Amino acid sequence: MAGSTFGELFRVTNFGESHGPAIGCVIDGCPPGLELSEADIQPELDRRRPGTSRHVTQRNEPDAVEILSGVFEGRTTGTPICLLIRNTDQRSKDYGNLLATFRPGHADYTYHQKYGLRDPRGGGRSSARLTAPMVGAGAVARKWLQQAYGTRFTGWMTQIGDIEIPFEGEEHIGANPFFAANASDIPRLEAYMDELRKAGDSCGARIRVEARGVPVGLGEPLFDKLDADIAYAMMGINAVKGVEIGAGFASVAQRGTTHGDELTPQGFAGNNAGGVLGGISTGQDIVVSIAIKPTSSIRSPRRSVGLDGQPTTVETFGRHDPCVGIRATPIAEAMLALVLMDHALRHRAQCGDVRVGMTPIVGRRA
C-alpha cells in the first residue's frame with residue numbers, strides 16, 4: 001500500500017491493522033549513538049493510549065512497545081529501528097454488522113471502492129490506532145532534537161465542541177484527561193462529554209501544539225517548505241480537517257502593519273508567522289493549530305447504503321471516543337517532532353557547513 005511511509009531522511013514506515021496481531025513501524029535514518037530504550041518511548045505511548053479515562057474508548061490496550069532492531073547495548077546503531085506494539089484487546093464481533101454496509105463519515109466506502117475489499121474490524125488500516133506507532137517514532141525524534149538543539153514540544157486542547165477552553169497555565173495539561181491548559185473548567189467539560197455519550201453522539205476539537213527551541217534554517221524553498229510539510233503531517237492524522245500555522249485564518253482580518261512580525265535587535269516583535277518565513281524556520285516557536293472532526297463511529301442510527309446500493313440504517317457498536325480530539329495532543333506533538341527531525345537532518349546534510357556573521361536574533365514566544 002502506498003502512503004505508509006513518512007519523511008525523507010528520517011523515514012517512518014507504519015504497518016498493521018486495528019484488530020491485527022500487532023501494529024508498529026520501522027524507523028530508517030536515525031543517527032547512530034543515541035541512547036535509546038523502551039523507557040524513552042513508553043511514556044509518550046501512555047499519554048495516547050485508550051482506556052485512560054471514562055471519556056475515551058474503553059478498549060484496554062497497554063500499548064507496550066518493543067524495540068526489535070536498530071539498538072545495541074542501549075544505543076542506536078544507524079540501522080533500521082523496528083518498534084512493535086501488540087494488540088491484546090480486540091473485539092472484532094462488534095463490527096459484524098458492518099460487513100455489508102458503510103459507516104457515514106468513515107473510510108469504509110472509499111476503502112471498498114479503491115481496493116475492492118476492506119477490513120471492517122475497528123476500521124482496519126484507517127483506524128486511529130495506527131497513530132500509536134507514529135507516537136513511538138515521534139518519541140525517538142523528540143529525544144534526538146532535545147539533545148541536539150534543546151527543542152521541546154507542548155500541546156493542549158483549546159476547544160471541544162462549542163466550548164472554548166481558556167488558557168490558565170501549562171502546568172494543568174497533564175492533570176486532566178483533555179490535555180487542557182485549564183483547571184477550573186474541567187467539570188464542565190466532563191459533564192459535556194457525559195451528555196454526548198448518553199445521546200450517542202460525538203463532537204470535534206481544536207488542538208494547539210508548539211515546538212520551542214527550534215534552530216533557524218529548517219525547511220526548503222517552494223514545495224518542501226517547513227510549514228507545508230507540517231500541514232501535510234497534521235492532515236495525515238485521523239479526523240483532522242484543518243490546519244493553521246501561526247495566526248492562520250485570523251490573518252485574513254489582519255493588516256500588514258499588524259501581521260508582519262517586525263525584527264528588532266532584541267528579537268521578533270510578534271509571531272503571527274508561527275515560526276516560519278518563506279518556508280524556513282525563524283528560530284521562534286513553531287505554532288500549529290488543528291481542527292478535528294466529530295467521531296464518525298456513533299451509536300445514533302444513521303442513513304447509509306449496503307453493498308447492493310440499497311438504503312439501510314447503520315448503528316455503530318463497540319468502544320469509541322465521543323471526541324477523538326481528546327487523545328490527539330500527543331499525536332500532534334509526535335507528528336510535529338517527526339517533521340522537525342526530518343528537516344533537521346536534511347538541513348545538516350546540505351547546510352551544515354554554512355556560517356553567517358550575524359548572530360540569530362532571539363525568537364519571541366507566541
# chains A, B, ... in the order shown; residues from 1 in each chain; ligands from 1
>>> select_by_dssp(residues="stretch 82-238 of chain A", states="alpha helix (DSSP H)", output="MDAnalysis selection string")
chainID A and resid 108:115 131:149 186:199 226:235
>>> residues_around(residues="stretch 59-75 of chain A", least_positions_apart="6", cutoff="8 Å", atoms="only C-alpha atoms", output="PDB file with all heavy atoms, in the first residue's frame")
ATOM      1  N   PRO A  32      23.259   7.266  14.465  1.00  0.00           N
ATOM      2  CA  PRO A  32      23.786   6.306  15.442  1.00  0.00           C
ATOM      3  C   PRO A  32      24.242   7.009  16.714  1.00  0.00           C
ATOM      4  O   PRO A  32      24.540   8.202  16.716  1.00  0.00           O
ATOM      5  CB  PRO A  32      24.979   5.682  14.703  1.00  0.00           C
ATOM      6  CG  PRO A  32      25.407   6.740  13.738  1.00  0.00           C
ATOM      7  CD  PRO A  32      24.163   7.446  13.315  1.00  0.00           C
ATOM      8  N   GLY A  33      24.294   6.232  17.767  1.00  0.00           N
ATOM      9  CA  GLY A  33      24.843   6.724  19.025  1.00  0.00           C
ATOM     10  C   GLY A  33      23.847   7.320  19.985  1.00  0.00           C
ATOM     11  O   GLY A  33      24.222   7.705  21.105  1.00  0.00           O
ATOM     12  N   LEU A  34      22.583   7.403  19.609  1.00  0.00           N
ATOM     13  CA  LEU A  34      21.572   7.943  20.512  1.00  0.00           C
ATOM     14  C   LEU A  34      21.213   6.900  21.553  1.00  0.00           C
ATOM     15  O   LEU A  34      20.851   5.767  21.215  1.00  0.00           O
ATOM     16  CB  LEU A  34      20.318   8.338  19.721  1.00  0.00           C
ATOM     17  CG  LEU A  34      19.119   8.841  20.537  1.00  0.00           C
ATOM     18  CD1 LEU A  34      19.412  10.210  21.135  1.00  0.00           C
ATOM     19  CD2 LEU A  34      17.853   8.893  19.662  1.00  0.00           C
ATOM     20  N   GLU A  35      21.314   7.240  22.828  1.00  0.00           N
ATOM     21  CA  GLU A  35      20.874   6.321  23.878  1.00  0.00           C
ATOM     22  C   GLU A  35      19.367   6.138  23.765  1.00  0.00           C
ATOM     23  O   GLU A  35      18.620   7.110  23.772  1.00  0.00           O
ATOM     24  CB  GLU A  35      21.244   6.861  25.260  1.00  0.00           C
ATOM     25  CG  GLU A  35      22.733   6.849  25.545  1.00  0.00           C
ATOM     26  CD  GLU A  35      23.041   7.235  26.985  1.00  0.00           C
ATOM     27  OE1 GLU A  35      22.088   7.436  27.762  1.00  0.00           O
ATOM     28  OE2 GLU A  35      24.224   7.345  27.321  1.00  0.00           O
ATOM     29  N   LEU A  36      18.929   4.888  23.662  1.00  0.00           N
ATOM     30  CA  LEU A  36      17.507   4.634  23.419  1.00  0.00           C
ATOM     31  C   LEU A  36      17.086   3.304  24.021  1.00  0.00           C
ATOM     32  O   LEU A  36      17.773   2.289  23.860  1.00  0.00           O
ATOM     33  CB  LEU A  36      17.214   4.627  21.911  1.00  0.00           C
ATOM     34  CG  LEU A  36      15.737   4.540  21.517  1.00  0.00           C
ATOM     35  CD1 LEU A  36      15.001   5.827  21.892  1.00  0.00           C
ATOM     36  CD2 LEU A  36      15.597   4.258  20.028  1.00  0.00           C
ATOM     37  N   SER A  37      15.952   3.329  24.705  1.00  0.00           N
ATOM     38  CA  SER A  37      15.343   2.115  25.239  1.00  0.00           C
ATOM     39  C   SER A  37      13.831   2.285  25.211  1.00  0.00           C
ATOM     40  O   SER A  37      13.311   3.375  24.915  1.00  0.00           O
ATOM     41  CB  SER A  37      15.812   1.858  26.676  1.00  0.00           C
ATOM     42  OG  SER A  37      15.257   2.833  27.557  1.00  0.00           O
ATOM     43  N   GLU A  38      13.118   1.215  25.531  1.00  0.00           N
ATOM     44  CA  GLU A  38      11.663   1.304  25.601  1.00  0.00           C
ATOM     45  C   GLU A  38      11.197   2.361  26.596  1.00  0.00           C
ATOM     46  O   GLU A  38      10.152   2.989  26.414  1.00  0.00           O
ATOM     47  CB  GLU A  38      11.067  -0.062  25.989  1.00  0.00           C
ATOM     48  CG  GLU A  38      11.072  -1.096  24.881  1.00  0.00           C
ATOM     49  CD  GLU A  38      12.337  -1.930  24.854  1.00  0.00           C
ATOM     50  OE1 GLU A  38      13.318  -1.571  25.549  1.00  0.00           O
ATOM     51  OE2 GLU A  38      12.353  -2.960  24.122  1.00  0.00           O
ATOM     52  N   ILE A  41      10.360   5.681  25.139  1.00  0.00           N
ATOM     53  CA  ILE A  41       9.221   5.725  24.223  1.00  0.00           C
ATOM     54  C   ILE A  41       7.892   5.525  24.953  1.00  0.00           C
ATOM     55  O   ILE A  41       6.888   6.167  24.634  1.00  0.00           O
ATOM     56  CB  ILE A  41       9.395   4.652  23.133  1.00  0.00           C
ATOM     57  CG1 ILE A  41      10.700   4.902  22.366  1.00  0.00           C
ATOM     58  CG2 ILE A  41       8.207   4.605  22.195  1.00  0.00           C
ATOM     59  CD1 ILE A  41      11.087   3.772  21.439  1.00  0.00           C
ATOM     60  N   GLN A  42       7.892   4.645  25.960  1.00  0.00           N
ATOM     61  CA  GLN A  42       6.646   4.247  26.597  1.00  0.00           C
ATOM     62  C   GLN A  42       5.848   5.405  27.207  1.00  0.00           C
ATOM     63  O   GLN A  42       4.611   5.427  27.098  1.00  0.00           O
ATOM     64  CB  GLN A  42       6.931   3.183  27.672  1.00  0.00           C
ATOM     65  CG  GLN A  42       5.686   2.469  28.164  1.00  0.00           C
ATOM     66  CD  GLN A  42       4.996   1.708  27.052  1.00  0.00           C
ATOM     67  OE1 GLN A  42       5.616   0.924  26.330  1.00  0.00           O
ATOM     68  NE2 GLN A  42       3.697   1.949  26.869  1.00  0.00           N
ATOM     69  N   LEU A  45       3.594   6.911  24.603  1.00  0.00           N
ATOM     70  CA  LEU A  45       2.505   5.996  24.252  1.00  0.00           C
ATOM     71  C   LEU A  45       1.458   5.943  25.352  1.00  0.00           C
ATOM     72  O   LEU A  45       0.257   5.833  25.075  1.00  0.00           O
ATOM     73  CB  LEU A  45       3.062   4.599  23.975  1.00  0.00           C
ATOM     74  CG  LEU A  45       3.838   4.447  22.675  1.00  0.00           C
ATOM     75  CD1 LEU A  45       4.589   3.126  22.645  1.00  0.00           C
ATOM     76  CD2 LEU A  45       2.909   4.549  21.473  1.00  0.00           C
ATOM     77  N   ASP A  46       1.882   6.031  26.590  1.00  0.00           N
ATOM     78  CA  ASP A  46       0.930   6.021  27.705  1.00  0.00           C
ATOM     79  C   ASP A  46       0.030   7.247  27.677  1.00  0.00           C
ATOM     80  O   ASP A  46      -1.128   7.190  28.094  1.00  0.00           O
ATOM     81  CB  ASP A  46       1.680   5.968  29.036  1.00  0.00           C
ATOM     82  CG  ASP A  46       2.353   4.627  29.287  1.00  0.00           C
ATOM     83  OD1 ASP A  46       2.000   3.646  28.600  1.00  0.00           O
ATOM     84  OD2 ASP A  46       3.249   4.568  30.154  1.00  0.00           O
ATOM     85  N   ARG A  49      -2.621   6.324  24.843  1.00  0.00           N
ATOM     86  CA  ARG A  49      -3.290   5.030  24.798  1.00  0.00           C
ATOM     87  C   ARG A  49      -4.757   5.116  25.228  1.00  0.00           C
ATOM     88  O   ARG A  49      -5.159   6.006  25.969  1.00  0.00           O
ATOM     89  CB  ARG A  49      -2.535   4.001  25.651  1.00  0.00           C
ATOM     90  CG  ARG A  49      -2.728   4.107  27.145  1.00  0.00           C
ATOM     91  CD  ARG A  49      -1.957   2.990  27.858  1.00  0.00           C
ATOM     92  NE  ARG A  49      -2.213   2.981  29.286  1.00  0.00           N
ATOM     93  CZ  ARG A  49      -3.219   2.333  29.848  1.00  0.00           C
ATOM     94  NH1 ARG A  49      -4.066   1.645  29.109  1.00  0.00           N
ATOM     95  NH2 ARG A  49      -3.393   2.365  31.156  1.00  0.00           N
ATOM     96  N   PRO A  50      -5.580   4.168  24.768  1.00  0.00           N
ATOM     97  CA  PRO A  50      -7.002   4.157  25.127  1.00  0.00           C
ATOM     98  C   PRO A  50      -7.208   3.699  26.562  1.00  0.00           C
ATOM     99  O   PRO A  50      -6.301   3.198  27.225  1.00  0.00           O
ATOM    100  CB  PRO A  50      -7.593   3.153  24.136  1.00  0.00           C
ATOM    101  CG  PRO A  50      -6.460   2.217  23.829  1.00  0.00           C
ATOM    102  CD  PRO A  50      -5.226   3.074  23.846  1.00  0.00           C
ATOM    103  N   GLY A  51      -8.443   3.898  27.030  1.00  0.00           N
ATOM    104  CA  GLY A  51      -8.829   3.396  28.343  1.00  0.00           C
ATOM    105  C   GLY A  51      -8.315   4.187  29.519  1.00  0.00           C
ATOM    106  O   GLY A  51      -8.386   3.723  30.658  1.00  0.00           O
ATOM    107  N   ILE A  81      15.277   0.863  12.906  1.00  0.00           N
ATOM    108  CA  ILE A  81      14.728   0.575  14.230  1.00  0.00           C
ATOM    109  C   ILE A  81      13.292   0.104  14.044  1.00  0.00           C
ATOM    110  O   ILE A  81      12.470   0.830  13.476  1.00  0.00           O
ATOM    111  CB  ILE A  81      14.747   1.831  15.119  1.00  0.00           C
ATOM    112  CG1 ILE A  81      16.174   2.343  15.294  1.00  0.00           C
ATOM    113  CG2 ILE A  81      14.102   1.553  16.469  1.00  0.00           C
ATOM    114  CD1 ILE A  81      16.248   3.729  15.915  1.00  0.00           C
ATOM    115  N   CYS A  82      12.985  -1.085  14.494  1.00  0.00           N
ATOM    116  CA  CYS A  82      11.622  -1.607  14.404  1.00  0.00           C
ATOM    117  C   CYS A  82      10.948  -1.523  15.767  1.00  0.00           C
ATOM    118  O   CYS A  82      11.474  -2.056  16.757  1.00  0.00           O
ATOM    119  CB  CYS A  82      11.605  -3.050  13.904  1.00  0.00           C
ATOM    120  SG  CYS A  82       9.932  -3.718  13.732  1.00  0.00           S
ATOM    121  N   LEU A  83       9.808  -0.827  15.830  1.00  0.00           N
ATOM    122  CA  LEU A  83       9.007  -0.740  17.046  1.00  0.00           C
ATOM    123  C   LEU A  83       7.760  -1.584  16.866  1.00  0.00           C
ATOM    124  O   LEU A  83       7.060  -1.471  15.849  1.00  0.00           O
ATOM    125  CB  LEU A  83       8.601   0.707  17.332  1.00  0.00           C
ATOM    126  CG  LEU A  83       9.714   1.751  17.453  1.00  0.00           C
ATOM    127  CD1 LEU A  83       9.120   3.111  17.793  1.00  0.00           C
ATOM    128  CD2 LEU A  83      10.743   1.337  18.487  1.00  0.00           C
ATOM    129  N   LEU A  84       7.459  -2.438  17.839  1.00  0.00           N
ATOM    130  CA  LEU A  84       6.294  -3.318  17.771  1.00  0.00           C
ATOM    131  C   LEU A  84       5.389  -3.064  18.970  1.00  0.00           C
ATOM    132  O   LEU A  84       5.865  -2.965  20.105  1.00  0.00           O
ATOM    133  CB  LEU A  84       6.730  -4.778  17.758  1.00  0.00           C
ATOM    134  CG  LEU A  84       5.606  -5.802  17.518  1.00  0.00           C
ATOM    135  CD1 LEU A  84       5.181  -5.772  16.056  1.00  0.00           C
ATOM    136  CD2 LEU A  84       6.053  -7.205  17.914  1.00  0.00           C
ATOM    137  N   ILE A  85       4.080  -2.959  18.693  1.00  0.00           N
ATOM    138  CA  ILE A  85       3.064  -2.800  19.740  1.00  0.00           C
ATOM    139  C   ILE A  85       2.010  -3.870  19.499  1.00  0.00           C
ATOM    140  O   ILE A  85       1.313  -3.853  18.489  1.00  0.00           O
ATOM    141  CB  ILE A  85       2.421  -1.399  19.693  1.00  0.00           C
ATOM    142  CG1 ILE A  85       3.479  -0.310  19.823  1.00  0.00           C
ATOM    143  CG2 ILE A  85       1.356  -1.258  20.775  1.00  0.00           C
ATOM    144  CD1 ILE A  85       2.972   1.076  19.491  1.00  0.00           C
ATOM    145  N   ARG A  86       1.896  -4.804  20.400  1.00  0.00           N
ATOM    146  CA  ARG A  86       0.957  -5.910  20.214  1.00  0.00           C
ATOM    147  C   ARG A  86      -0.459  -5.482  20.579  1.00  0.00           C
ATOM    148  O   ARG A  86      -0.671  -4.790  21.577  1.00  0.00           O
ATOM    149  CB  ARG A  86       1.386  -7.124  21.052  1.00  0.00           C
ATOM    150  CG  ARG A  86       2.778  -7.624  20.686  1.00  0.00           C
ATOM    151  CD  ARG A  86       3.184  -8.844  21.491  1.00  0.00           C
ATOM    152  NE  ARG A  86       4.594  -9.157  21.284  1.00  0.00           N
ATOM    153  CZ  ARG A  86       5.071  -9.862  20.254  1.00  0.00           C
ATOM    154  NH1 ARG A  86       4.233 -10.330  19.352  1.00  0.00           N
ATOM    155  NH2 ARG A  86       6.374 -10.080  20.130  1.00  0.00           N
ATOM    156  N   ASN A  87      -1.433  -5.919  19.773  1.00  0.00           N
ATOM    157  CA  ASN A  87      -2.845  -5.715  20.093  1.00  0.00           C
ATOM    158  C   ASN A  87      -3.305  -6.844  21.013  1.00  0.00           C
ATOM    159  O   ASN A  87      -3.070  -8.019  20.725  1.00  0.00           O
ATOM    160  CB  ASN A  87      -3.694  -5.718  18.823  1.00  0.00           C
ATOM    161  CG  ASN A  87      -3.450  -4.503  17.957  1.00  0.00           C
ATOM    162  OD1 ASN A  87      -3.180  -3.418  18.459  1.00  0.00           O
ATOM    163  ND2 ASN A  87      -3.550  -4.679  16.645  1.00  0.00           N
ATOM    164  N   THR A  88      -3.949  -6.491  22.108  1.00  0.00           N
ATOM    165  CA  THR A  88      -4.337  -7.504  23.094  1.00  0.00           C
ATOM    166  C   THR A  88      -5.810  -7.484  23.461  1.00  0.00           C
ATOM    167  O   THR A  88      -6.286  -8.378  24.137  1.00  0.00           O
ATOM    168  CB  THR A  88      -3.522  -7.331  24.389  1.00  0.00           C
ATOM    169  OG1 THR A  88      -3.821  -6.056  24.971  1.00  0.00           O
ATOM    170  CG2 THR A  88      -2.023  -7.424  24.109  1.00  0.00           C
ATOM    171  N   ASP A  89      -6.561  -6.443  23.034  1.00  0.00           N
ATOM    172  CA  ASP A  89      -7.954  -6.317  23.495  1.00  0.00           C
ATOM    173  C   ASP A  89      -8.902  -6.041  22.333  1.00  0.00           C
ATOM    174  O   ASP A  89      -9.747  -5.158  22.396  1.00  0.00           O
ATOM    175  CB  ASP A  89      -8.049  -5.195  24.543  1.00  0.00           C
ATOM    176  CG  ASP A  89      -9.407  -5.177  25.247  1.00  0.00           C
ATOM    177  OD1 ASP A  89     -10.023  -6.252  25.371  1.00  0.00           O
ATOM    178  OD2 ASP A  89      -9.850  -4.088  25.637  1.00  0.00           O
ATOM    179  N   GLN A  90      -8.754  -6.819  21.239  1.00  0.00           N
ATOM    180  CA  GLN A  90      -9.649  -6.655  20.110  1.00  0.00           C
ATOM    181  C   GLN A  90     -11.011  -7.275  20.407  1.00  0.00           C
ATOM    182  O   GLN A  90     -11.100  -8.299  21.074  1.00  0.00           O
ATOM    183  CB  GLN A  90      -9.066  -7.316  18.856  1.00  0.00           C
ATOM    184  CG  GLN A  90      -7.637  -6.932  18.546  1.00  0.00           C
ATOM    185  CD  GLN A  90      -6.637  -7.944  19.064  1.00  0.00           C
ATOM    186  OE1 GLN A  90      -6.723  -8.361  20.208  1.00  0.00           O
ATOM    187  NE2 GLN A  90      -5.696  -8.341  18.218  1.00  0.00           N
ATOM    188  N   ALA A 132      -0.526   5.175  17.042  1.00  0.00           N
ATOM    189  CA  ALA A 132       0.366   4.776  18.136  1.00  0.00           C
ATOM    190  C   ALA A 132       1.810   4.578  17.665  1.00  0.00           C
ATOM    191  O   ALA A 132       2.740   5.070  18.305  1.00  0.00           O
ATOM    192  CB  ALA A 132      -0.161   3.511  18.823  1.00  0.00           C
ATOM    193  N   GLY A 136       5.287   6.564  18.876  1.00  0.00           N
ATOM    194  CA  GLY A 136       6.540   5.909  19.258  1.00  0.00           C
ATOM    195  C   GLY A 136       7.719   6.464  18.487  1.00  0.00           C
ATOM    196  O   GLY A 136       8.777   6.770  19.058  1.00  0.00           O
ATOM    197  N   ARG A 319     -16.490   0.147  21.191  1.00  0.00           N
ATOM    198  CA  ARG A 319     -15.940   1.128  22.135  1.00  0.00           C
ATOM    199  C   ARG A 319     -15.272   2.249  21.353  1.00  0.00           C
ATOM    200  O   ARG A 319     -14.274   2.032  20.673  1.00  0.00           O
ATOM    201  CB  ARG A 319     -14.938   0.435  23.065  1.00  0.00           C
ATOM    202  CG  ARG A 319     -15.559  -0.713  23.853  1.00  0.00           C
ATOM    203  CD  ARG A 319     -14.505  -1.696  24.352  1.00  0.00           C
ATOM    204  NE  ARG A 319     -13.842  -2.405  23.276  1.00  0.00           N
ATOM    205  CZ  ARG A 319     -12.880  -3.310  23.464  1.00  0.00           C
ATOM    206  NH1 ARG A 319     -12.481  -3.603  24.688  1.00  0.00           N
ATOM    207  NH2 ARG A 319     -12.314  -3.912  22.437  1.00  0.00           N
TER     208      ARG A 319
END
>>> closest_residue(among="A:Ala247, A:Gly200, A:Thr316, A:Val305", to="A:Arg121", atoms="only C-alpha atoms")
A:Thr316
>>> residues_around(residues="A:Leu277", least_positions_apart="6", cutoff="12 Å", atoms="only C-alpha atoms", output="JSON, numbers by chain")
{"A": [216, 217, 218, 219, 220, 221, 222, 225, 226, 227, 228, 245, 246, 260, 261, 268, 271, 283, 284, 286]}
>>> write_last_selection(atoms="N, CA, C and O atoms", output="PDB file, in the first residue's frame")
ATOM      1  N   VAL A 216      17.241  28.031  13.683  1.00  0.00           N
ATOM      2  CA  VAL A 216      16.952  28.776  12.458  1.00  0.00           C
ATOM      3  C   VAL A 216      17.381  27.950  11.248  1.00  0.00           C
ATOM      4  O   VAL A 216      18.395  27.254  11.285  1.00  0.00           O
ATOM      5  N   GLY A 217      16.603  28.004  10.172  1.00  0.00           N
ATOM      6  CA  GLY A 217      17.057  27.439   8.907  1.00  0.00           C
ATOM      7  C   GLY A 217      16.429  26.144   8.464  1.00  0.00           C
ATOM      8  O   GLY A 217      16.761  25.649   7.380  1.00  0.00           O
ATOM      9  N   LEU A 218      15.530  25.560   9.246  1.00  0.00           N
ATOM     10  CA  LEU A 218      14.917  24.300   8.826  1.00  0.00           C
ATOM     11  C   LEU A 218      13.845  24.572   7.781  1.00  0.00           C
ATOM     12  O   LEU A 218      13.041  25.488   7.918  1.00  0.00           O
ATOM     13  N   GLY A 219      13.812  23.767   6.735  1.00  0.00           N
ATOM     14  CA  GLY A 219      12.833  23.944   5.676  1.00  0.00           C
ATOM     15  C   GLY A 219      13.499  24.267   4.356  1.00  0.00           C
ATOM     16  O   GLY A 219      14.631  24.753   4.313  1.00  0.00           O
ATOM     17  N   GLU A 220      12.790  23.999   3.273  1.00  0.00           N
ATOM     18  CA  GLU A 220      13.328  24.200   1.921  1.00  0.00           C
ATOM     19  C   GLU A 220      12.406  25.124   1.142  1.00  0.00           C
ATOM     20  O   GLU A 220      11.207  25.188   1.412  1.00  0.00           O
ATOM     21  N   PRO A 221      12.935  25.837   0.142  1.00  0.00           N
ATOM     22  CA  PRO A 221      12.092  26.709  -0.676  1.00  0.00           C
ATOM     23  C   PRO A 221      11.042  25.930  -1.464  1.00  0.00           C
ATOM     24  O   PRO A 221      11.170  24.730  -1.702  1.00  0.00           O
ATOM     25  N   LEU A 222      10.034  26.633  -1.863  1.00  0.00           N
ATOM     26  CA  LEU A 222       8.951  26.145  -2.711  1.00  0.00           C
ATOM     27  C   LEU A 222       8.196  24.963  -2.115  1.00  0.00           C
ATOM     28  O   LEU A 222       7.461  25.114  -1.170  1.00  0.00           O
ATOM     29  N   LYS A 225       8.606  23.415   1.846  1.00  0.00           N
ATOM     30  CA  LYS A 225       8.569  24.384   2.927  1.00  0.00           C
ATOM     31  C   LYS A 225       8.284  23.679   4.244  1.00  0.00           C
ATOM     32  O   LYS A 225       7.521  22.703   4.302  1.00  0.00           O
ATOM     33  N   LEU A 226       8.862  24.189   5.326  1.00  0.00           N
ATOM     34  CA  LEU A 226       8.639  23.578   6.629  1.00  0.00           C
ATOM     35  C   LEU A 226       7.168  23.609   7.007  1.00  0.00           C
ATOM     36  O   LEU A 226       6.618  22.606   7.477  1.00  0.00           O
ATOM     37  N   ASP A 227       6.509  24.754   6.806  1.00  0.00           N
ATOM     38  CA  ASP A 227       5.099  24.825   7.181  1.00  0.00           C
ATOM     39  C   ASP A 227       4.225  23.962   6.285  1.00  0.00           C
ATOM     40  O   ASP A 227       3.217  23.408   6.740  1.00  0.00           O
ATOM     41  N   ALA A 228       4.627  23.795   5.011  1.00  0.00           N
ATOM     42  CA  ALA A 228       3.866  22.913   4.127  1.00  0.00           C
ATOM     43  C   ALA A 228       3.974  21.464   4.596  1.00  0.00           C
ATOM     44  O   ALA A 228       2.989  20.714   4.601  1.00  0.00           O
ATOM     45  N   ILE A 245      -1.122  27.601  10.734  1.00  0.00           N
ATOM     46  CA  ILE A 245       0.231  27.902  11.186  1.00  0.00           C
ATOM     47  C   ILE A 245       0.233  29.347  11.682  1.00  0.00           C
ATOM     48  O   ILE A 245      -0.190  30.254  10.956  1.00  0.00           O
ATOM     49  N   GLY A 246       0.659  29.565  12.909  1.00  0.00           N
ATOM     50  CA  GLY A 246       0.679  30.912  13.459  1.00  0.00           C
ATOM     51  C   GLY A 246      -0.713  31.494  13.547  1.00  0.00           C
ATOM     52  O   GLY A 246      -1.649  30.860  14.043  1.00  0.00           O
ATOM     53  N   GLY A 260       2.765  41.397   9.782  1.00  0.00           N
ATOM     54  CA  GLY A 260       4.199  41.246   9.559  1.00  0.00           C
ATOM     55  C   GLY A 260       4.981  41.439  10.845  1.00  0.00           C
ATOM     56  O   GLY A 260       4.948  42.509  11.457  1.00  0.00           O
ATOM     57  N   ASP A 261       5.669  40.413  11.291  1.00  0.00           N
ATOM     58  CA  ASP A 261       6.385  40.453  12.575  1.00  0.00           C
ATOM     59  C   ASP A 261       7.680  41.267  12.408  1.00  0.00           C
ATOM     60  O   ASP A 261       8.612  40.823  11.729  1.00  0.00           O
ATOM     61  N   PHE A 268      12.087  39.168  17.377  1.00  0.00           N
ATOM     62  CA  PHE A 268      10.884  39.492  16.613  1.00  0.00           C
ATOM     63  C   PHE A 268       9.856  40.135  17.533  1.00  0.00           C
ATOM     64  O   PHE A 268       9.703  39.743  18.690  1.00  0.00           O
ATOM     65  N   ASN A 271       4.740  36.896  16.574  1.00  0.00           N
ATOM     66  CA  ASN A 271       4.923  35.598  15.929  1.00  0.00           C
ATOM     67  C   ASN A 271       3.667  35.187  15.172  1.00  0.00           C
ATOM     68  O   ASN A 271       3.197  34.065  15.287  1.00  0.00           O
ATOM     69  N   GLY A 283      13.570  30.408  14.141  1.00  0.00           N
ATOM     70  CA  GLY A 283      14.116  30.265  15.484  1.00  0.00           C
ATOM     71  C   GLY A 283      13.095  30.584  16.554  1.00  0.00           C
ATOM     72  O   GLY A 283      13.346  30.342  17.735  1.00  0.00           O
ATOM     73  N   GLN A 284      11.933  31.117  16.129  1.00  0.00           N
ATOM     74  CA  GLN A 284      10.841  31.333  17.074  1.00  0.00           C
ATOM     75  C   GLN A 284      10.109  30.015  17.313  1.00  0.00           C
ATOM     76  O   GLN A 284      10.385  28.998  16.670  1.00  0.00           O
ATOM     77  N   ILE A 286       7.514  27.255  16.836  1.00  0.00           N
ATOM     78  CA  ILE A 286       6.618  26.783  15.789  1.00  0.00           C
ATOM     79  C   ILE A 286       5.241  26.620  16.430  1.00  0.00           C
ATOM     80  O   ILE A 286       5.094  25.919  17.430  1.00  0.00           O
TER      81      ILE A 286
END
>>> closest_residue(among="A:Arg54, A:Arg355, A:His259, A:Arg48", to="A:Met134", atoms="only C-alpha atoms")
A:Arg48
>>> closest_residue(among="A:Gln147, A:Thr5, A:Thr295, A:Thr79", to="A:Pro133", atoms="only C-alpha atoms")
A:Thr5
>>> residues_around(residues="A:Gly174", least_positions_apart="4", cutoff="12 Å", atoms="only C-alpha atoms", output="list in words")
Glu44, Asp46, Arg47, Arg48, Thr154, Gly155, Trp156, Met157, Gly169, Glu170, Phe178, Phe179, Ala180, Ala181, Asn182, Ala183, Thr329 and Pro330 of chain A
>>> atom_distance(atom1="atom CA of A:Cys30", atom2="atom CA of A:Asp353")
20.5 Å
>>> closest_residue(among="A:Met335, A:Ile326, A:Ala22, A:Val288", to="A:Val140", atoms="only C-alpha atoms")
A:Met335
>>> residues_around(residues="A:Gln146", least_positions_apart="2", cutoff="12 Å", atoms="only C-alpha atoms", output="list in words")
Leu34, Gly138, Ala139, Val140, Ala141, Arg142, Lys143, Trp144, Ala148, Tyr149, Gly150, Thr151, Arg152, Phe153, Ala211, Arg212, Gly213, Val214, Pro215, Ala337, Leu340, Met341 and Ala344 of chain A
>>> atom_distance(atom1="atom CA of A:Val243", atom2="atom CA of A:Asp285")
16.4 Å
